[in-house]
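Peer 1: Take a look at my_file21.cif, mmCIF, C-alpha atoms:
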```
data_final
loop_
_atom_site.label_atom_id
_atom_site.label_comp_id
_atom_site.auth_asym_id
_atom_site.auth_seq_id
_atom_site.Cartn_x
_atom_site.Cartn_y
_atom_site.Cartn_z
CA THR A 1 -43.68 9.00 15.36
CA VAL A 2 -42.94 6.45 12.65
CA PHE A 3 -39.28 5.71 11.92
CA ASP A 4 -38.16 4.50 8.51
CA ARG A 5 -34.60 3.21 8.13
CA GLU A 6 -34.65 4.06 4.43
CA GLU A 7 -35.08 7.73 5.37
CA GLN A 8 -32.59 7.87 8.28
CA LYS A 9 -30.64 4.98 9.78
CA VAL A 10 -29.19 6.59 12.92
CA TYR A 11 -30.28 9.39 15.25
CA SER A 12 -28.09 11.16 17.80
CA ILE A 13 -30.34 12.36 20.63
CA PRO A 14 -28.93 14.96 23.10
CA ILE A 15 -29.93 14.38 26.71
CA GLU A 16 -29.16 16.97 29.38
CA ILE A 17 -28.38 15.56 32.81
CA ALA A 18 -28.33 17.84 35.89
CA ASP A 19 -28.04 17.45 39.66
CA ASN A 20 -29.60 19.50 42.46
CA GLN A 21 -26.42 21.59 42.76
CA GLY A 22 -26.81 23.06 39.29
CA MET A 23 -24.10 20.94 37.69
CA LYS A 24 -25.16 19.68 34.28
CA ALA A 25 -23.82 18.14 31.11
CA VAL A 26 -25.13 16.81 27.80
CA SER A 27 -24.88 13.16 26.80
CA PHE A 28 -25.81 11.78 23.38
CA LEU A 29 -27.92 8.68 22.90
CA LYS A 30 -27.27 6.83 19.63
CA LEU A 31 -30.53 5.41 18.29
CA VAL A 32 -30.22 2.86 15.46
CA ILE A 33 -33.41 2.24 13.50
CA GLY A 34 -34.13 -1.38 12.65
CA ASP A 35 -34.91 -2.54 9.12
CA LYS A 36 -37.99 -4.23 7.69
CA ASN A 37 -37.91 -6.13 4.41
CA ASP A 38 -40.48 -3.88 2.77
CA ASN A 39 -38.84 -3.24 -0.60
CA PRO A 40 -38.47 -5.66 -3.52
CA MET A 41 -35.04 -6.15 -5.11
CA GLU A 42 -33.96 -4.79 -8.47
CA PRO A 43 -31.10 -6.00 -10.71
CA GLY A 44 -27.61 -4.88 -9.73
CA SER A 45 -24.01 -5.10 -10.86
CA SER A 46 -20.64 -4.90 -9.15
CA GLU A 47 -16.91 -5.18 -9.84
CA ILE A 48 -14.17 -7.09 -8.06
CA PHE A 49 -10.44 -6.66 -8.73
CA VAL A 50 -7.99 -9.19 -7.28
CA TYR A 51 -4.20 -9.21 -7.15
CA ASN A 52 -3.07 -12.80 -6.67
CA TYR A 53 0.47 -12.77 -5.23
CA ARG A 54 2.58 -15.17 -7.32
CA GLY A 55 -0.67 -17.04 -8.09
CA LEU A 56 -0.41 -18.70 -4.65
CA ALA A 57 -3.36 -17.19 -2.80
CA PRO A 58 -5.32 -19.65 -0.65
CA THR A 59 -9.09 -19.92 -0.98
CA THR A 60 -10.21 -16.33 -0.39
CA GLN A 61 -13.52 -14.50 -0.02
CA ILE A 62 -13.39 -11.77 -2.66
CA GLY A 63 -16.79 -10.04 -2.49
CA ARG A 64 -20.57 -10.37 -2.47
CA VAL A 65 -23.17 -10.50 -5.20
CA TYR A 66 -24.92 -7.12 -5.27
CA VAL A 67 -28.55 -6.29 -6.05
CA THR A 68 -30.21 -2.90 -5.73
CA ASP A 69 -32.30 -2.90 -2.55
CA PRO A 70 -32.96 -0.07 -0.04
CA ASP A 71 -33.28 -2.70 2.71
CA ASP A 72 -29.93 -3.64 4.23
CA TRP A 73 -30.96 -6.08 6.98
CA ASP A 74 -32.83 -8.53 4.78
CA LEU A 75 -29.96 -10.84 3.83
CA PRO A 76 -31.52 -13.86 5.65
CA SER A 77 -34.47 -13.62 3.23
CA LYS A 78 -32.29 -13.87 0.12
CA THR A 79 -30.84 -16.90 -1.67
CA PHE A 80 -28.10 -16.66 -4.30
CA PHE A 81 -27.43 -18.93 -7.30
CA PHE A 82 -24.90 -19.09 -10.13
CA LYS A 83 -26.79 -18.85 -13.43
CA ASP A 84 -24.36 -21.46 -14.83
CA PRO A 85 -21.93 -22.76 -12.16
CA SER A 86 -20.13 -25.02 -14.69
CA LYS A 87 -18.54 -21.93 -16.28
CA PHE A 88 -16.66 -20.98 -13.11
CA PRO A 89 -15.01 -24.06 -11.55
CA ASP A 90 -12.35 -21.88 -9.85
CA PHE A 91 -14.96 -20.06 -7.76
CA SER A 92 -17.56 -20.97 -5.16
CA LEU A 93 -20.68 -19.19 -3.95
CA ASP A 94 -22.27 -19.11 -0.50
CA MET A 95 -25.98 -19.38 -1.32
CA ASP A 96 -27.02 -17.81 2.02
CA THR A 97 -24.77 -14.73 2.00
CA GLY A 98 -23.89 -14.20 -1.67
CA MET A 99 -20.19 -14.29 -0.85
CA ILE A 100 -17.96 -15.32 -3.77
CA SER A 101 -14.72 -17.17 -3.01
CA MET A 102 -11.72 -17.61 -5.28
CA LYS A 103 -10.37 -21.13 -4.89
CA GLU A 104 -6.78 -21.97 -4.11
CA GLY A 105 -4.85 -23.06 -7.21
CA ILE A 106 -6.98 -21.03 -9.63
CA LYS A 107 -5.68 -21.44 -13.18
CA LEU A 108 -4.10 -18.14 -14.27
CA ASP A 109 -2.62 -18.89 -17.67
CA GLU A 110 -2.83 -15.18 -18.54
CA GLU A 111 -1.38 -12.22 -16.64
CA ILE A 112 -4.85 -10.68 -16.39
CA LYS A 113 -8.03 -12.71 -16.56
CA VAL A 114 -11.59 -11.35 -16.57
CA TYR A 115 -14.66 -13.36 -15.52
CA ASP A 116 -18.15 -12.06 -16.35
CA MET A 117 -20.41 -13.82 -13.85
CA GLU A 118 -24.20 -13.96 -13.88
CA PHE A 119 -26.34 -14.78 -10.83
CA ARG A 120 -29.96 -15.19 -9.81
CA VAL A 121 -31.15 -13.84 -6.45
CA GLU A 122 -34.42 -14.95 -4.84
CA ASP A 123 -36.47 -13.31 -2.07
CA PRO A 124 -39.74 -15.18 -1.28
CA VAL A 125 -41.00 -12.30 0.89
CA HIS A 126 -41.72 -10.39 -2.34
CA GLN A 127 -42.45 -13.47 -4.49
CA GLN A 128 -39.17 -12.98 -6.34
CA VAL A 129 -38.46 -16.66 -6.90
CA GLY A 130 -38.06 -18.95 -9.90
CA ALA A 131 -38.81 -17.03 -13.10
CA ASN A 132 -39.28 -13.85 -11.02
CA ALA A 133 -35.78 -14.01 -9.50
CA VAL A 134 -33.64 -10.90 -9.94
CA ALA A 135 -30.49 -10.89 -12.08
CA ALA A 136 -27.12 -9.75 -10.77
CA ASN A 137 -23.86 -9.39 -12.71
CA VAL A 138 -20.37 -9.41 -11.21
CA THR A 139 -17.20 -8.70 -13.18
CA VAL A 140 -14.16 -10.30 -11.52
CA THR A 141 -10.69 -9.31 -12.74
CA ILE A 142 -7.71 -11.29 -11.44
CA LYS A 143 -4.11 -10.27 -12.03
CA LYS A 144 -1.10 -12.28 -10.97
CA ILE A 145 1.65 -10.10 -9.54
CA PRO A 146 5.25 -11.34 -9.24
CA GLN A 147 7.43 -11.28 -6.17
CA VAL A 148 9.86 -8.72 -7.57
CA ALA A 149 7.04 -6.17 -7.92
CA VAL A 150 6.19 -6.40 -4.22
CA VAL A 151 9.81 -6.40 -3.04
CA LYS A 152 10.60 -3.31 -5.16
CA SER A 153 7.45 -1.37 -4.29
CA GLY A 154 7.01 2.18 -3.05
CA SER A 155 4.50 3.24 -0.42
CA ILE A 156 2.41 6.14 0.86
CA ARG A 157 0.02 6.62 3.80
CA LEU A 158 -3.23 8.51 3.14
CA ASN A 159 -5.55 10.31 5.53
CA ILE A 160 -8.68 8.38 4.56
CA PRO A 161 -10.21 5.03 5.60
CA PRO A 162 -9.56 2.25 3.04
CA GLU A 163 -13.25 1.59 2.31
CA LYS A 164 -13.78 5.24 1.42
CA PHE A 165 -10.60 5.28 -0.70
CA ILE A 166 -11.85 2.29 -2.72
CA GLY A 167 -15.41 3.63 -2.91
CA LEU A 168 -14.16 6.90 -4.43
CA ASP A 169 -12.19 4.99 -7.11
CA GLY A 170 -9.03 6.26 -5.43
CA ARG A 171 -6.94 3.27 -6.45
CA GLU A 172 -7.69 3.72 -10.15
CA LYS A 173 -7.09 7.49 -9.97
CA LEU A 174 -3.78 6.98 -8.15
CA ALA A 175 -2.56 4.42 -10.70
CA LYS A 176 -3.37 6.79 -13.57
CA LEU A 177 -1.58 9.72 -11.92
CA LEU A 178 1.50 7.64 -11.08
CA ARG A 179 1.68 6.37 -14.65
CA GLY A 180 1.83 9.97 -15.84
CA TYR A 181 4.44 10.96 -13.25
CA PHE A 182 6.77 8.04 -13.96
CA ASN A 183 6.53 7.72 -17.74
CA ALA A 184 3.16 7.66 -19.43
CA ASN A 185 4.36 5.79 -22.51
CA ALA A 186 6.63 3.16 -20.97
CA SER A 187 5.33 2.50 -17.45
CA VAL A 188 3.05 -0.26 -16.23
CA VAL A 189 1.83 0.77 -12.77
CA ASP A 190 0.25 -1.61 -10.26
CA VAL A 191 -1.38 -0.23 -7.12
CA PHE A 192 -1.54 -3.69 -5.59
CA ALA A 193 -1.97 -3.19 -1.83
CA VAL A 194 -4.58 -1.14 0.04
CA LEU A 195 -4.40 -1.80 3.77
CA PRO A 196 -5.93 -0.23 6.89
CA ALA A 197 -3.52 1.67 9.14
CA ASN A 198 -3.84 3.19 12.61
CA GLY A 199 -6.98 1.26 13.46
CA GLY A 200 -8.58 1.77 10.05
CA GLU A 201 -8.46 5.57 10.24
CA HIS A 202 -5.77 5.79 7.53
CA THR A 203 -4.81 3.80 4.44
CA ASP A 204 -1.43 2.36 3.48
CA VAL A 205 -0.93 1.97 -0.27
CA ARG A 206 1.87 0.09 -2.05
CA PHE A 207 2.66 0.46 -5.75
CA ALA A 208 5.14 -0.86 -8.30
CA ALA A 209 6.06 0.30 -11.80
CA HIS A 210 8.09 -1.13 -14.61
CA GLY A 211 9.09 -0.64 -18.18
CA SER A 212 11.98 -3.05 -18.05
CA PRO A 213 13.10 -3.71 -15.36
CA TYR A 214 11.04 -2.68 -12.30
CA TYR A 215 11.76 0.83 -11.04
CA ALA A 216 13.62 1.25 -7.76
CA PRO A 217 11.28 2.26 -4.90
CA GLU A 218 13.51 5.23 -4.04
CA LYS A 219 13.13 6.60 -7.56
CA MET A 220 9.34 6.29 -7.45
CA GLU A 221 9.01 7.80 -3.97
CA VAL A 222 11.18 10.79 -4.86
CA THR A 223 8.99 11.37 -7.93
CA VAL A 224 5.85 11.16 -5.77
CA ALA A 225 7.37 13.59 -3.25
CA ARG A 226 8.09 16.13 -5.97
CA ARG A 227 4.47 15.87 -7.15
CA LYS A 228 2.91 15.65 -3.70
CA THR A 229 0.91 18.88 -3.92
CA ASP A 230 -0.53 17.97 -7.32
CA LEU A 231 -1.27 14.40 -6.17
CA GLU A 232 -3.13 15.59 -3.07
CA ARG A 233 -5.12 18.09 -5.13
CA GLN A 234 -6.19 15.57 -7.78
CA LEU A 235 -7.01 12.81 -5.30
CA GLY A 236 -8.60 15.17 -2.79
CA ILE A 237 -6.83 13.24 -0.02
CA PRO A 238 -4.01 14.45 2.29
CA ILE A 239 -0.81 12.38 2.15
CA LEU A 240 0.53 11.69 5.64
CA MET A 241 3.72 9.85 4.72
CA ILE A 242 5.74 9.04 1.62
CA HIS A 243 7.69 5.84 2.27
CA ILE A 244 6.01 4.15 5.20
CA ASP A 245 8.36 4.01 8.18
CA GLU A 246 7.05 2.41 11.38
CA CYS A 247 10.28 3.29 13.25
CA LEU A 248 9.93 7.01 12.59
CA TYR A 249 8.53 7.90 16.00
CA GLU A 250 11.10 6.92 18.59
CA LYS A 251 9.96 4.62 21.45
CA ASP A 252 6.50 4.09 19.90
CA SER A 253 7.46 0.55 18.93
CA CYS A 254 10.87 -0.06 20.52
CA GLU A 255 12.84 1.32 23.44
CA GLY A 256 16.12 0.98 21.58
CA SER A 257 17.05 0.30 17.99
CA CYS A 258 14.30 -0.35 15.46
CA TYR A 259 14.20 -1.43 11.82
CA ASN A 260 11.42 -1.88 9.25
CA SER A 261 10.58 -5.28 7.83
CA LEU A 262 8.29 -5.71 4.82
CA GLU A 263 6.14 -8.75 5.65
CA ILE A 264 4.46 -10.36 2.64
CA GLU A 265 1.67 -12.94 2.96
CA ASN A 266 0.00 -15.16 0.39
CA GLN A 267 -3.37 -14.44 2.05
CA PRO A 268 -4.83 -11.31 0.36
CA THR A 269 -6.66 -8.47 2.13
CA ALA A 270 -10.13 -7.52 0.84
CA ILE A 271 -11.59 -4.01 1.06
CA MET A 272 -15.31 -4.27 0.28
CA THR A 273 -17.97 -1.72 -0.61
CA ASN A 274 -21.43 -2.37 -2.07
CA THR A 275 -20.50 -2.22 -5.74
CA THR A 276 -16.69 -2.34 -5.70
CA THR A 277 -14.30 -4.72 -3.98
CA PHE A 278 -10.52 -4.62 -4.11
CA VAL A 279 -8.54 -7.66 -3.00
CA GLY A 280 -4.88 -6.77 -2.71
CA VAL A 281 -1.58 -8.21 -1.58
CA THR A 282 -1.02 -8.24 2.18
CA ALA A 283 2.36 -6.51 2.28
CA LYS A 284 2.84 -4.58 5.51
CA VAL A 285 5.78 -2.75 7.04
CA GLU A 286 6.27 -4.04 10.58
CA PRO A 287 8.63 -2.49 13.16
CA ARG A 288 11.21 -4.91 14.53
CA CYS A 289 13.18 -4.14 17.69
CA GLY A 290 16.93 -4.57 17.74
CA CYS A 291 19.29 -4.63 14.79
CA ARG A 292 18.74 -6.30 11.45
CA GLU A 293 20.71 -9.52 11.24
CA GLN A 294 23.97 -8.97 9.42
CA LYS A 295 24.83 -11.64 6.89
CA THR A 296 28.26 -13.18 7.30
CA TYR A 297 28.47 -13.50 3.51
CA ALA A 298 26.59 -12.02 0.57
CA SER A 299 23.93 -14.36 -0.80
CA CYS A 300 20.92 -14.01 -3.02
CA GLN A 301 17.58 -15.74 -3.49
CA PRO A 302 16.19 -16.30 -7.00
CA ILE A 303 12.88 -14.53 -7.54
CA GLY A 304 9.99 -16.98 -7.24
CA TYR A 305 11.68 -19.44 -4.88
CA GLY A 306 10.36 -18.76 -1.41
CA PRO A 307 10.36 -15.54 0.66
CA VAL A 308 12.60 -12.79 -0.65
CA ASP A 309 13.65 -9.56 1.06
CA ALA A 310 15.05 -6.49 -0.61
CA ASP A 311 18.56 -7.28 0.62
CA SER A 312 18.62 -10.62 -1.21
CA VAL A 313 17.91 -9.28 -4.71
CA CYS A 314 20.55 -8.92 -7.42
CA LEU A 315 20.63 -5.36 -8.72
CA ASN A 316 21.43 -3.65 -12.03
CA GLY A 317 20.48 -6.58 -14.24
CA GLY A 318 22.36 -9.19 -12.20
CA THR A 319 21.04 -12.75 -11.89
CA CYS A 320 21.13 -15.15 -8.96
CA GLU A 321 23.10 -18.28 -9.76
CA GLY A 322 23.99 -20.76 -7.05
CA ARG A 323 23.05 -18.28 -4.28
CA GLN A 324 25.55 -15.75 -5.66
CA CYS A 325 24.84 -12.74 -7.89
CA LYS A 326 26.29 -12.85 -11.40
CA CYS A 327 26.73 -9.24 -12.54
CA PRO A 328 26.63 -7.88 -16.11
CA ALA A 329 30.38 -7.23 -15.96
CA ASP A 330 32.50 -9.52 -13.81
CA ASN A 331 34.44 -6.63 -12.30
CA SER A 332 34.74 -6.29 -8.52
CA ASP A 333 35.85 -2.67 -8.90
CA VAL A 334 32.53 -1.76 -10.53
CA PHE A 335 29.99 -4.06 -8.81
CA GLY A 336 29.55 -5.20 -5.22
CA PRO A 337 28.30 -8.64 -4.08
CA HIS A 338 24.67 -7.80 -5.01
CA CYS A 339 25.70 -6.06 -8.25
CA GLU A 340 25.34 -2.69 -6.57
CA LYS A 341 27.47 -0.06 -8.29
CA LEU A 342 30.49 0.91 -6.24
CA SER A 343 31.26 4.21 -7.90
CA ALA A 344 29.58 7.08 -9.71
CA SER A 345 30.66 10.44 -11.03
CA PHE A 346 28.68 13.66 -11.32
CA ARG A 347 29.31 16.87 -13.10
CA TYR A 348 25.95 18.32 -12.18
CA GLY A 349 23.26 16.28 -10.48
CA TRP A 350 22.64 13.75 -7.76
CA THR A 351 21.52 10.17 -7.16
CA THR A 352 18.99 8.63 -4.78
CA HIS A 353 19.54 5.44 -2.78
CA LYS A 354 17.81 3.39 -0.14
CA GLY A 355 18.13 5.09 3.24
CA ILE A 356 20.82 4.06 5.71
CA SER A 357 19.35 2.09 8.60
CA SER A 358 21.17 3.15 11.76
CA CYS A 359 21.48 0.66 14.58
CA SER A 360 23.51 1.05 17.79
CA ASN A 361 26.90 2.23 16.51
CA THR A 362 26.72 2.89 12.77
CA THR A 363 29.77 3.41 10.58
CA ILE A 364 29.58 4.91 7.09
CA SER A 365 32.66 4.94 4.89
CA PHE A 366 33.20 6.01 1.29
CA ARG A 367 35.88 7.58 -0.90
CA PHE A 368 35.48 10.64 -3.06
CA THR A 369 37.48 13.06 -5.13
CA THR A 370 36.38 16.48 -6.27
CA LYS A 371 37.66 19.79 -7.60
CA GLN A 372 34.74 21.72 -6.11
CA SER A 373 35.17 23.87 -3.01
CA ARG A 374 31.55 23.42 -1.91
CA GLY A 375 28.77 20.92 -2.39
CA LEU A 376 26.58 18.26 -0.77
CA LEU A 377 28.11 14.79 -0.45
CA LEU A 378 25.48 12.86 1.52
CA TYR A 379 22.05 13.62 2.96
CA GLN A 380 19.50 11.51 4.78
CA GLY A 381 16.29 12.99 6.11
CA PRO A 382 13.07 14.64 4.98
CA SER A 383 12.73 16.71 1.84
CA PRO A 384 10.31 19.68 1.80
CA ASN A 385 7.46 17.41 0.62
CA THR A 386 8.18 14.43 2.87
CA VAL A 387 8.25 16.18 6.25
CA VAL A 388 6.35 14.16 8.87
CA GLU A 389 4.92 16.06 11.84
CA ASN A 390 7.20 16.14 14.90
CA VAL A 391 10.06 14.34 13.12
CA THR A 392 13.20 16.44 12.54
CA ASP A 393 16.00 13.84 12.42
CA PHE A 394 18.49 14.27 9.58
CA PHE A 395 22.14 13.86 8.64
CA SER A 396 24.11 15.90 6.15
CA LEU A 397 27.75 15.81 5.02
CA GLU A 398 28.95 18.75 2.95
CA ILE A 399 32.03 20.47 1.60
CA GLN A 400 32.23 24.11 2.62
CA ASP A 401 35.29 26.22 1.81
CA GLN A 402 37.16 23.04 0.80
CA LYS A 403 36.56 21.42 4.23
CA LEU A 404 34.17 18.67 5.38
CA LYS A 405 31.26 19.83 7.51
CA TYR A 406 28.56 17.62 9.03
CA PHE A 407 25.10 18.33 10.46
CA LEU A 408 23.47 15.73 12.73
CA ASN A 409 20.03 15.97 14.36
CA PHE A 410 18.43 13.23 16.46
CA GLY A 411 15.21 15.13 17.05
CA SER A 412 16.24 18.17 19.11
CA LEU A 413 19.42 20.22 18.62
CA THR A 414 21.50 20.04 15.46
CA GLN A 415 25.12 19.07 16.06
CA ILE A 416 27.63 20.69 13.69
CA GLY A 417 31.23 19.67 13.15
CA VAL A 418 34.05 20.65 10.80
CA LEU A 419 37.10 18.64 9.72
CA PRO A 420 39.94 21.17 9.44
CA LYS A 421 41.69 19.25 6.66
CA THR A 422 41.35 20.54 3.07
CA VAL A 423 39.62 17.92 0.87
CA SER A 424 39.39 19.63 -2.53
#
```
Would you encode the structure as structure tokens?
Peer 2:
Amino acid sequence: TVFDREEQKVYSIPIEIADNQGMKAVSFLKLVIGDKNDNPMEPGSSEIFVYNYRGLAPTTQIGRVYVTDPDDWDLPSKTFFFKDPSKFPDFSLDMDTGMISMKEGIKLDEEIKVYDMEFRVEDPVHQQVGANAVAANVTVTIKKIPQVAVVKSGSIRLNIPPEKFIGLDGREKLAKLLRGYFNANASVVDVFAVLPANGGEHTDVRFAAHGSPYYAPEKMEVTVARRKTDLERQLGIPILMIHIDECLYEKDSCEGSCYNSLEIENQPTAIMTNTTTFVGVTAKVEPRCGCREQKTYASCQPIGYGPVDADSVCLNGGTCEGRQCKCPADNSDVFGPHCEKLSASFRYGWTTHKGISSCSNTTISFRFTTKQSRGLLLYQGPSPNTVVENVTDFFSLEIQDQKLKYFLNFGSLTQIGVLPKTVS
């Protein structure tokens, strides 16, 4: 029998094993067929898209030069050359592997910059050298993304490996769908992070959108939740989680209290396929045990000056001046220390906010006035489209028959309580 890797790369061979007592079982032998450089190259082209976080990425490998070739173990035979290296001083090329690197400090005087690169690839085994070398084209698109976009990003977890997601043009499809969901005419949507999750079995995606200013992540995630069924149908990919929460499963990460921390790195993460590479921002939610450090006073950090977390950003158009937020109206009855609005009124409707992070003993206090005898005051937990398997925790505070009633579930039984005092 003659094996040809171009026809089939891997065989799974069943082998039955039995003893003299009649006990038997089947084991599978994985046979990998080796490759021979028996095919000449043909010209090829590929695309690379890079998000450069704040323009501060270190020297980073962003993808390989691609040529069409059925052989996939013949890299040692190939040599790669820039057609004109003087045109691309911000990039380097490994002649032995064809790997392109973006240099630290690349000049990004435009928000989006496109580089059309031309290469020559030689393979002396097939006399493809000199004038017979094969041409390869690589289009590299680099976009600088600001800190505020990452801090105010939404997230989803998909049931697909990241390489397959990129190979199916999933990132581009998702960006187009989100643009339509948010506001097709006014929204700029960046799907800027594609990261492996759960050992590479799943994919974590982060996205940001803005007209002016950037949308709140809660607003985007609620919109995604409402369109979950349509999004899954058009992508062809199941959504496992809307708003990535690594503290959702109790005791998986921490024995006691747990909170999520969005860790942002300057070093990008590359997801590579043969003809498409995506290099995105490394922005991962990490579980942290214990309680989030409580600030003794409210302070802010201007965007663009060092690491920023979501709790250090001035809201509602406020600006950070001297480590303190300056709000649009200097009125302590209307705005809090981070320019968060302290009051709102509703005739019909509701508002969405960042979830309350409970830790040890948590106290929630607010004032309200109403003429209604029934209604929902506060809810935290899953909506019909954001239910995560085996997670049932929720909290609800309602008015029923003019009295306060609460529902509290920590994962098993729902506790119910009623305050006998009339509140409306």
Peer 1: Could you check how far CA of Ser343 (chain A) sits from CA of Thr319 (chain A), in Å to one decimal?
Peer 2: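 According to the coordinates, CA of Ser343 (chain A) and CA of Thr319 (chain A) are separated by 20.2 Å.
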Peer 1: Which one of A:Leu108, A:Cys247, A:Val423, A:Ala25 sits closest to Ser358 (chain A) if you count only C-alpha atoms?
Peer 2: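 Among the listed residues, the smallest separation from Ser358 (chain A) belongs to A:Cys247.
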Peer 1: Can you turn the PyMOL selection byres ((chain A and resi 402) around 10) into a concrete residue list for this file, as a ChimeraX atom specification?
Peer 2: /A:370-375,398-401,403-405,419-424
Peer 1: Env of Glu263 (chain A): 8 Å cut, atoms = only C-alpha atoms, seq-sep filter 5 positions within chain, self excluded. Answer as a ChimeraX atom specification.
Peer 2: /A:282-286
Peer 1: Quote the spacing between CA of Tyr51 (chain A) and CA of Lys143 (chain A) in Å to one decimal place.
Peer 2: 5.0 Å
Peer 1: Calculate how many Å separate CA of Phe91 (chain A) from CA of Pro268 (chain A), rounding to one decimal.
Peer 2: 15.7 Å
Peer 1: Go through A:Phe407, A:Leu262, A:Ala216, A:Lys251 one by one, measure the shortest atom-to-atom distance of each to His353 (chain A) using only C-alpha atoms, and give the residue with the smallest value.
Peer 2: A:Ala216
Peer 1: Hey, which of A:Pro89, A:Pro146, A:Gly236, A:Pro337 ends up closest to Asp190 (chain A)? Count only C-alpha atoms.
Peer 2: A:Pro146
Peer 1: For the file shown, report as a PyMOL selection string the outcome of the PyMOL selection byres ((chain A and resi 28-45) around 9) at residue level.
Peer 2: chain A and resi 3-6+8-16+26-27+46-47+65-74+77+121-123+125-128+134-139+275
Peer 1: Take the PyMOL selection byres ((chain A and resi 62) around 7), run it mentally on this structure, and tell me the resulting residues as a ChimeraX atom specification.
Peer 2: /A:60-61,63,100-102,270,279
Peer 1: Which one of A:Gly98, A:Gly336, A:Pro384, A:Gln267 sits closest to Thr229 (chain A) if you count all atoms listed in the file?
Peer 2: A:Pro384
Peer 1: First collect every listed atom of region 97-111 of chain A; then fit an axis-aligned box around them, widen it by 5 Å on each side, and give centre and edge lengths in Å to one decimal, as AutoDock Vina command-line options.
Peer 2:
```
--center_x -13.1 --center_y -17.6 --center_z -8.3 --size_x 33.4 --size_y 20.8 --size_z 30.5
```
Peer 1: Write out as a list in words each polymer residue whose atoms come within 8 Å of Ile156 (chain A), counting only C-alpha atoms; drop sequence neighbours fewer than 5 positions from it.
Peer 2: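 What passes the distance filter is Asp204, Val205, Arg206, Ile239, Leu240, Met241, Ile242, His243 and Ile244 of chain A.
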Peer 1: Smallest atom-to-atom distance to Glu111 (chain A): which of A:Val281, A:Pro85, A:Arg54, A:Cys258, using all atoms listed in the file?
Peer 2: A:Arg54
Peer 1: Could you pull the residues within 12 Å of Asn316 (chain A), counting all atoms listed in the file, minus those fewer than 5 positions along the same chain, as a list in words?
Peer 2: Ser212, Pro213, Tyr214, Tyr215, Ala216, Cys325, Lys326, Cys327, Pro328, Ala329, Val334, Phe335, Gly336, Pro337, His338, Cys339, Glu340, Lys341 and Leu342 of chain A
